[in-house]
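A.B. asks: Sharing protein.txt, compact mmCIF, C-alpha atoms (C1' of nucleotides):
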```
# COMPACT_ATOMS: atom_id res chain seq x y z
CA MET A 27 -43.00 37.98 -62.97
CA ILE A 28 -45.18 40.90 -61.96
CA GLY A 29 -48.73 40.62 -63.30
CA PRO A 30 -50.37 42.88 -65.87
CA GLY A 31 -52.83 44.59 -63.53
CA ILE A 32 -50.08 45.72 -61.23
CA LYS A 33 -47.39 46.84 -63.60
CA ARG A 34 -49.93 48.84 -65.60
CA GLY A 35 -48.58 52.29 -66.36
CA THR A 36 -44.95 51.42 -65.73
CA ALA A 37 -44.01 51.04 -69.40
CA GLU A 38 -43.83 54.77 -69.98
CA LEU A 39 -41.53 55.33 -67.04
CA ALA A 40 -39.45 52.30 -67.94
CA VAL A 41 -38.93 53.38 -71.54
CA LEU A 42 -37.99 56.95 -70.65
CA SER A 43 -35.60 55.78 -67.96
CA VAL A 44 -33.81 53.25 -70.12
CA LEU A 45 -33.53 55.72 -73.01
CA GLU A 46 -31.91 58.16 -70.60
CA ASP A 47 -28.85 55.91 -70.68
CA GLY A 48 -28.65 56.15 -74.47
CA PRO A 49 -30.62 55.60 -77.70
CA LEU A 50 -32.06 52.16 -78.34
CA HIS A 51 -34.47 50.30 -80.58
CA GLY A 52 -37.63 48.55 -79.41
CA TYR A 53 -36.45 44.98 -79.41
CA GLU A 54 -33.40 45.81 -77.32
CA LEU A 55 -35.44 48.05 -75.02
CA ALA A 56 -37.63 45.11 -74.07
CA ARG A 57 -34.56 43.07 -73.24
CA ARG A 58 -32.97 45.80 -71.14
CA ILE A 59 -36.11 46.24 -69.06
CA GLU A 60 -36.26 42.53 -68.42
CA GLN A 61 -32.55 42.20 -67.65
CA GLN A 62 -32.25 45.24 -65.43
CA THR A 63 -35.21 44.13 -63.33
CA LYS A 64 -33.91 40.55 -63.18
CA GLY A 65 -36.99 39.36 -65.05
CA ALA A 66 -39.45 40.96 -62.66
CA LEU A 67 -40.75 43.47 -65.20
CA ARG A 68 -41.33 42.23 -68.72
CA PHE A 69 -43.21 43.70 -71.67
CA THR A 70 -44.27 42.06 -74.89
CA LEU A 71 -43.16 43.80 -78.05
CA ALA A 72 -46.84 44.16 -78.99
CA ALA A 73 -47.19 46.43 -75.98
CA LEU A 74 -43.96 48.33 -76.51
CA TYR A 75 -44.25 49.29 -80.18
CA PRO A 76 -47.57 51.15 -79.86
CA MET A 77 -46.25 52.76 -76.67
CA LEU A 78 -43.20 54.01 -78.57
CA TYR A 79 -45.43 55.52 -81.28
CA ARG A 80 -47.51 57.32 -78.68
CA MET A 81 -44.47 58.66 -76.89
CA GLU A 82 -43.03 59.88 -80.16
CA GLN A 83 -46.29 61.68 -80.97
CA ARG A 84 -46.14 63.34 -77.57
CA GLY A 85 -42.64 64.50 -78.37
CA TRP A 86 -40.85 62.66 -75.58
CA ILE A 87 -38.77 60.46 -77.84
CA ARG A 88 -37.66 60.64 -81.45
CA GLY A 89 -37.21 57.63 -83.69
CA SER A 90 -34.97 57.25 -86.72
CA TRP A 91 -34.49 54.31 -89.03
CA GLU A 92 -31.03 52.87 -88.91
CA THR A 93 -29.29 49.85 -90.32
CA SER A 94 -27.26 47.68 -87.99
CA GLN A 95 -23.87 46.26 -88.88
CA GLN A 96 -25.64 43.01 -89.68
CA GLY A 97 -27.78 44.84 -92.23
CA ARG A 98 -30.92 44.86 -90.12
CA ARG A 99 -33.39 47.70 -90.45
CA ARG A 100 -34.49 48.98 -87.07
CA ARG A 101 -35.98 52.05 -85.51
CA CYS A 102 -33.70 53.72 -83.01
CA TYR A 103 -35.31 55.93 -80.38
CA ARG A 104 -33.62 58.66 -78.39
CA LEU A 105 -34.88 60.85 -75.59
CA THR A 106 -35.80 64.42 -76.58
CA ALA A 107 -35.41 67.49 -74.38
CA ALA A 108 -39.16 67.29 -73.69
CA GLY A 109 -38.70 63.67 -72.70
CA LYS A 110 -36.01 64.57 -70.20
CA THR A 111 -38.23 67.29 -68.80
CA LYS A 112 -41.08 64.79 -68.48
CA LEU A 113 -38.99 62.23 -66.62
CA SER A 114 -38.42 64.20 -63.46
CA PRO A 115 -42.08 64.85 -62.42
CA LEU A 116 -42.94 61.33 -63.54
CA ARG A 117 -40.39 59.85 -61.15
CA LYS A 118 -41.72 62.08 -58.41
CA GLU A 119 -45.27 60.92 -59.02
CA TRP A 120 -44.21 57.28 -58.80
CA SER A 121 -42.28 58.01 -55.65
CA GLU A 122 -45.42 59.55 -54.16
CA LEU A 123 -47.42 56.49 -55.10
CA PHE A 124 -44.91 54.33 -53.27
CA SER A 125 -45.13 56.28 -50.04
CA ALA A 126 -48.91 56.52 -50.30
CA LEU A 127 -49.18 52.74 -50.67
CA ARG A 128 -46.75 52.14 -47.83
CA ARG A 129 -48.82 54.29 -45.50
CA LEU A 130 -52.06 52.74 -46.64
CA THR A 131 -51.26 49.10 -47.15
CA LYS A 132 -48.13 48.16 -45.26
CA VAL A 133 -46.38 47.23 -48.48
CA SER A 134 -42.73 46.92 -47.63
CA HIS A 135 -40.02 48.91 -49.36
CA ALA A 136 -37.36 46.23 -49.06
CA MET B 24 -52.88 64.01 -56.55
CA ILE B 25 -51.40 60.99 -58.31
CA GLY B 26 -52.63 60.64 -61.89
CA PRO B 27 -54.84 57.88 -63.28
CA GLY B 28 -52.26 56.19 -65.48
CA ILE B 29 -49.92 55.71 -62.57
CA LYS B 30 -52.21 54.64 -59.78
CA ARG B 31 -53.85 52.11 -62.08
CA GLY B 32 -54.28 48.79 -60.33
CA THR B 33 -53.86 50.17 -56.83
CA ALA B 34 -57.58 50.20 -56.01
CA GLU B 35 -57.70 46.47 -55.40
CA LEU B 36 -54.79 46.56 -52.99
CA ALA B 37 -56.13 49.68 -51.30
CA VAL B 38 -59.59 48.21 -50.72
CA LEU B 39 -58.29 44.91 -49.35
CA SER B 40 -55.84 46.69 -47.06
CA VAL B 41 -58.37 49.11 -45.62
CA LEU B 42 -60.93 46.34 -45.11
CA GLU B 43 -58.29 44.43 -43.18
CA ASP B 44 -58.76 46.98 -40.39
CA GLY B 45 -62.49 46.28 -40.24
CA PRO B 46 -65.70 46.19 -42.33
CA LEU B 47 -66.70 49.34 -44.16
CA HIS B 48 -69.08 50.60 -46.83
CA GLY B 49 -68.02 52.12 -50.16
CA TYR B 50 -68.47 55.77 -49.40
CA GLU B 51 -66.42 55.58 -46.24
CA LEU B 52 -63.80 53.42 -47.96
CA ALA B 53 -63.14 56.19 -50.46
CA ARG B 54 -62.68 58.65 -47.64
CA ARG B 55 -60.30 56.42 -45.71
CA ILE B 56 -58.10 55.89 -48.74
CA GLU B 57 -57.91 59.62 -49.33
CA GLN B 58 -57.31 60.48 -45.68
CA GLN B 59 -54.72 57.80 -44.97
CA THR B 60 -52.70 58.81 -48.02
CA LYS B 61 -53.03 62.52 -47.20
CA GLY B 62 -54.94 63.09 -50.40
CA ALA B 63 -52.27 61.51 -52.62
CA LEU B 64 -54.44 58.57 -53.63
CA ARG B 65 -58.08 59.29 -54.41
CA PHE B 66 -60.77 57.24 -56.15
CA THR B 67 -64.13 58.32 -57.43
CA LEU B 68 -67.09 56.31 -56.21
CA ALA B 69 -67.83 55.44 -59.83
CA ALA B 70 -64.54 53.56 -59.85
CA LEU B 71 -64.94 51.98 -56.42
CA TYR B 72 -68.44 50.53 -56.67
CA PRO B 73 -67.79 48.36 -59.74
CA MET B 74 -64.48 47.33 -58.17
CA LEU B 75 -66.31 46.21 -55.03
CA TYR B 76 -68.71 44.11 -57.13
CA ARG B 77 -65.85 42.44 -58.94
CA MET B 78 -64.03 41.70 -55.72
CA GLU B 79 -67.18 40.24 -54.22
CA GLN B 80 -67.65 38.00 -57.25
CA ARG B 81 -64.07 36.81 -56.84
CA GLY B 82 -64.86 35.97 -53.23
CA TRP B 83 -62.37 38.34 -51.62
CA ILE B 84 -64.95 40.45 -49.85
CA ARG B 85 -68.56 39.93 -48.81
CA GLY B 86 -71.17 42.68 -48.77
CA SER B 87 -74.29 42.92 -46.66
CA TRP B 88 -76.97 45.58 -46.59
CA GLU B 89 -77.15 47.42 -43.32
CA THR B 90 -78.99 50.40 -41.98
CA SER B 91 -77.04 53.07 -40.17
CA GLN B 92 -78.25 54.74 -36.99
CA GLN B 93 -79.38 57.63 -39.17
CA GLY B 94 -81.56 55.24 -41.11
CA ARG B 95 -79.34 55.16 -44.18
CA ARG B 96 -79.20 52.05 -46.30
CA ARG B 97 -75.67 51.09 -47.16
CA ARG B 98 -73.67 48.09 -48.24
CA CYS B 99 -71.08 47.02 -45.73
CA TYR B 100 -68.15 44.99 -47.01
CA ARG B 101 -65.90 42.76 -44.97
CA LEU B 102 -62.80 40.79 -45.89
CA THR B 103 -63.31 37.05 -46.41
CA ALA B 104 -60.79 34.35 -45.62
CA ALA B 105 -60.00 34.21 -49.34
CA GLY B 106 -59.47 37.96 -49.29
CA LYS B 107 -56.97 37.69 -46.47
CA THR B 108 -55.20 34.94 -48.33
CA LYS B 109 -55.06 37.11 -51.44
CA LEU B 110 -53.62 40.12 -49.64
CA SER B 111 -50.27 38.63 -48.78
CA PRO B 112 -49.04 37.70 -52.29
CA LEU B 113 -50.57 40.91 -53.60
CA ARG B 114 -48.44 42.97 -51.21
CA LYS B 115 -45.42 40.97 -52.23
CA GLU B 116 -46.08 41.61 -55.89
CA TRP B 117 -46.32 45.35 -55.30
CA SER B 118 -43.18 45.26 -53.24
CA GLU B 119 -41.42 43.55 -56.13
CA LEU B 120 -42.67 46.19 -58.51
CA PHE B 121 -41.20 48.85 -56.26
CA SER B 122 -37.76 47.32 -56.17
CA ALA B 123 -37.86 46.59 -59.90
CA LEU B 124 -38.67 50.22 -60.65
CA ARG B 125 -36.00 51.45 -58.26
CA ARG B 126 -33.38 49.36 -60.00
CA LEU B 127 -34.58 50.35 -63.44
CA THR B 128 -35.55 53.98 -63.11
CA LYS B 129 -33.89 55.51 -60.08
CA VAL B 130 -37.25 56.26 -58.52
CA SER B 131 -36.54 57.10 -54.90
CA HIS B 132 -38.15 55.30 -51.98
CA ALA B 133 -38.24 58.34 -49.72
C1' DG C 30 -32.86 24.41 -96.67
C1' DT C 31 -34.57 24.61 -92.17
C1' DT C 32 -34.46 26.58 -87.90
C1' DC C 33 -33.41 30.15 -84.57
C1' DA C 34 -32.60 34.97 -83.08
C1' DT C 35 -33.48 39.44 -84.66
C1' DA C 36 -36.86 43.10 -85.73
C1' DT C 37 -41.21 45.40 -86.53
C1' DA C 38 -46.34 45.57 -87.13
C1' DT C 39 -51.26 45.04 -86.32
C1' DA C 40 -55.81 43.12 -84.78
C1' DA C 41 -59.08 41.63 -81.31
C1' DC C 42 -59.90 41.65 -76.68
C1' DA C 43 -59.77 42.57 -71.32
C1' DT C 44 -59.32 45.53 -67.48
C1' DT C 45 -59.58 49.56 -64.93
C1' DC C 46 -59.71 53.99 -64.77
C1' DT C 47 -62.30 58.74 -66.26
C1' DT C 48 -66.40 62.10 -66.50
C1' DA C 49 -71.20 62.57 -66.58
C1' DT C 50 -75.56 61.42 -65.02
C1' DA C 51 -79.16 59.50 -62.05
C1' DT C 52 -81.64 58.47 -57.73
C1' DG C 53 -82.80 59.12 -52.98
C1' DT C 54 -82.52 60.34 -47.70
C1' DA C 55 -81.16 63.16 -43.55
C1' DA C 56 -79.81 67.36 -41.41
C1' DG C 57 -79.46 72.23 -40.88
C1' DG C 58 -80.23 77.12 -41.97
C1' DG C 59 -83.07 80.77 -43.48
C1' DC D 22 -91.22 75.04 -45.82
C1' DC D 23 -87.56 75.17 -49.02
C1' DC D 24 -82.83 74.97 -50.22
C1' DT D 25 -78.34 73.31 -49.80
C1' DT D 26 -74.99 70.16 -48.21
C1' DA D 27 -73.49 65.63 -46.80
C1' DC D 28 -74.49 60.92 -47.23
C1' DA D 29 -74.94 56.72 -50.19
C1' DT D 30 -75.34 53.86 -54.24
C1' DA D 31 -75.73 53.01 -59.33
C1' DT D 32 -74.73 53.02 -64.28
C1' DA D 33 -73.26 54.50 -68.99
C1' DA D 34 -69.86 55.99 -72.41
C1' DG D 35 -65.28 56.52 -73.35
C1' DA D 36 -59.94 56.56 -72.77
C1' DA D 37 -55.71 54.26 -71.84
C1' DT D 38 -52.83 50.41 -71.60
C1' DG D 39 -52.04 46.00 -71.18
C1' DT D 40 -52.88 40.82 -73.22
C1' DT D 41 -52.58 36.92 -76.87
C1' DA D 42 -52.42 35.81 -81.57
C1' DT D 43 -50.86 36.52 -86.03
C1' DA D 44 -48.03 38.29 -89.87
C1' DT D 45 -43.83 39.56 -92.27
C1' DA D 46 -38.97 39.52 -93.19
C1' DT D 47 -33.72 39.06 -92.71
C1' DG D 48 -29.19 37.03 -91.11
C1' DA D 49 -26.66 33.30 -89.03
C1' DA D 50 -25.79 28.60 -88.15
C1' DC D 51 -26.08 23.83 -88.93
```
Give the structure from the file, written as structure tokens.

C.D. replies:
Amino acid sequence: MIGPGIKRGTAELAVLSVLEDGPLHGYELARRIEQQTKGALRFTLAALYPMLYRMEQRGWIRGSWETSQQGRRRRCYRLTAAGKTKLSPLRKEWSELFSALRRLTKVSHA
Amino acid sequence: MIGPGIKRGTAELAVLSVLEDGPLHGYELARRIEQQTKGALRFTLAALYPMLYRMEQRGWIRGSWETSQQGRRRRCYRLTAAGKTKLSPLRKEWSELFSALRRLTKVSHA
DNA sequence: GTTCATATATAACATTCTTATATGTAAGGG
DNA sequence: CCCTTACATATAAGAATGTTATATATGAAC
């Protein structure tokens, strides 16, 4: 798995991107990130929950308490319009980081 | 320029990579990083100097005081064998982050 | 009734950035 | 001779985002 120093800052992008495909609660979000990256990118829930609060305060996502069919209380987050607007420049900034690091460090883009 | 939250963790890789091309002192290192990334990646000296100390303590680089032709005192860092050894898995880890984020977030690799 | 998967929450700590501040030398222009 | 700019290193205070550890609670399965 990718270490903490390197993945730092990716959680925000990851959460916004996954929520783009539909609303989700924290526990499931963590699993999606891990699954969709084949285990390469993995966040603890203790990192994700505070991140979700911050993103809600910034207006990028909106959470609502729901009850699952199994009777479980959980907080479902969905992307807001502001969140969608945020996603595009954020992707671009990451893309720029990639090309900058390729030029500088010969990191492959396989 | 790429923001602080996103570039976080890149300094280590950047320093090792630039030093791979030859020994350099901190001030010039900062300039190389900025130039070779066309201004996309930029570090303040206040970030680089402590980073250089940490990397020296870890044994990845070795610093020695030199005096330039202009009579300036400066600390010249060169990559150690351990530093070279570190660089390869570090590049691989970044490369894995790239592909993980591409899969997860549709960040382009232009 | 005990254990496992689900689900959220918080505290204490580490790391790596930021801005601001400090010191000092060399070179060049006025 | 003084002032400004470029060179060169150093440190402090604070922000952001990750870590491990701990706590709580429910439903399902055995």

A.B. asks: Show me, as a list in words, the residues that have an atom within 8 Å of region 25-41 of chain D when counting only C-alpha atoms (C1' of nucleotides), minus same-chain residues fewer than 6 positions from it.

C.D. replies: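 Once the nearby chain positions are removed, what remains is Pro30, Gly31, Arg34, Gly35 and Ala73 of chain A; Gly28, Tyr50, Arg95, Arg96 and Arg97 of chain B; DC42, DA43, DT47, DA51 and DA55 of chain C.
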
A.B. asks: Could you write out as a VMD selection string the residues of chain A within 12 Å of chain D, counting only C-alpha atoms (C1' of nucleotides)?

C.D. replies: chain A and resid 29 to 38 68 to 74 76 to 77 80 93 to 100

A.B. asks: Using C-alpha atoms, can you export the residues from the last selection as a CSV table (one decimal), in the frame of the given file?

C.D. replies:
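Just written: again_3.csv:
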```csv
chain,number,residue,atom,x,y,z
A,29,GLY,CA,-48.7,40.6,-63.3
A,30,PRO,CA,-50.4,42.9,-65.9
A,31,GLY,CA,-52.8,44.6,-63.5
A,32,ILE,CA,-50.1,45.7,-61.2
A,33,LYS,CA,-47.4,46.8,-63.6
A,34,ARG,CA,-49.9,48.8,-65.6
A,35,GLY,CA,-48.6,52.3,-66.4
A,36,THR,CA,-45.0,51.4,-65.7
A,37,ALA,CA,-44.0,51.0,-69.4
A,38,GLU,CA,-43.8,54.8,-70.0
A,68,ARG,CA,-41.3,42.2,-68.7
A,69,PHE,CA,-43.2,43.7,-71.7
A,70,THR,CA,-44.3,42.1,-74.9
A,71,LEU,CA,-43.2,43.8,-78.0
A,72,ALA,CA,-46.8,44.2,-79.0
A,73,ALA,CA,-47.2,46.4,-76.0
A,74,LEU,CA,-44.0,48.3,-76.5
A,76,PRO,CA,-47.6,51.2,-79.9
A,77,MET,CA,-46.2,52.8,-76.7
A,80,ARG,CA,-47.5,57.3,-78.7
A,93,THR,CA,-29.3,49.8,-90.3
A,94,SER,CA,-27.3,47.7,-88.0
A,95,GLN,CA,-23.9,46.3,-88.9
A,96,GLN,CA,-25.6,43.0,-89.7
A,97,GLY,CA,-27.8,44.8,-92.2
A,98,ARG,CA,-30.9,44.9,-90.1
A,99,ARG,CA,-33.4,47.7,-90.4
A,100,ARG,CA,-34.5,49.0,-87.1
```

A.B. asks: Which residue gives the smallest distance to chain B among C:DA56, C:DA34, C:DA41, C:DC46, with all atoms listed in the file counted?

C.D. replies: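 Using all atoms listed in the file, chain B sits closest to C:DC46.
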
A.B. asks: In Å to one decimal, how far is C1' of DA36 (chain C) from CA of Ala56 (chain A)?

C.D. replies: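 A separation of 11.9 Å between them.
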
A.B. asks: Find the residues of chain C in contact range of chain A, meaning any atom within 9 Å when counting only C-alpha atoms (C1' of nucleotides), and list them as a list in words.

C.D. replies: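 That gives DT35, DA36, DT37, DA38, DT39, DT44 and DT45 of chain C for chain C.
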
A.B. asks: Tell me, counting all atoms listed in the file, for each residue of chain A within 7 Å of chain B, which pair of atoms is nearest and how far apart they are in Å to one decimal, in rows ordered by chain and increasing number, as a Markdown table.

C.D. replies:
```
| residue | atom | partner | partner_atom | distance |
| --- | --- | --- | --- | --- |
| A:Ile28 | CA | B:Glu116 | CA | 6.2 |
| A:Gly31 | CA | B:Gly32 | CA | 5.5 |
| A:Ile32 | CA | B:Gly32 | CA | 5.3 |
| A:Lys33 | CA | B:Leu120 | CA | 7.0 |
| A:Arg34 | CA | B:Arg31 | CA | 6.2 |
| A:Gly35 | CA | B:Ile29 | CA | 5.3 |
| A:Ala40 | CA | B:Thr128 | CA | 6.4 |
| A:Ser43 | CA | B:Thr128 | CA | 5.2 |
| A:Gln62 | CA | B:Leu127 | CA | 6.0 |
| A:Thr63 | CA | B:Ala123 | CA | 5.0 |
| A:Ala66 | CA | B:Ala123 | CA | 6.5 |
| A:Leu67 | CA | B:Ala123 | CA | 6.8 |
| A:Arg117 | CA | B:Val130 | CA | 5.4 |
| A:Glu119 | CA | B:Ile25 | CA | 6.2 |
| A:Ser121 | CA | B:Ser131 | CA | 5.9 |
| A:Leu123 | CA | B:Ile25 | CA | 6.8 |
| A:Phe124 | CA | B:His132 | CA | 7.0 |
| A:Ala126 | CA | B:Thr60 | CA | 5.0 |
| A:Arg129 | CA | B:Thr60 | CA | 6.5 |
| A:Leu130 | CA | B:Gln59 | CA | 6.0 |
| A:Thr131 | CA | B:Ser40 | CA | 5.2 |
| A:Val133 | CA | B:Arg114 | CA | 5.5 |
| A:Ser134 | CA | B:Ser118 | CA | 5.9 |
| A:His135 | CA | B:Ser118 | CA | 6.2 |
```

A.B. asks: How many Å lie between CA of Leu50 (chain A) and CA of Tyr103 (chain A), rounded to one decimal?

C.D. replies: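 Result for CA of Leu50 (chain A) versus CA of Tyr103 (chain A): 5.4 Å, one decimal.
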
A.B. asks: Could you tell me how far CA of Ala107 (chain A) sits from CA of Arg84 (chain A), in Å to one decimal place?

C.D. replies: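 Distance between the two atoms: 11.9 Å.
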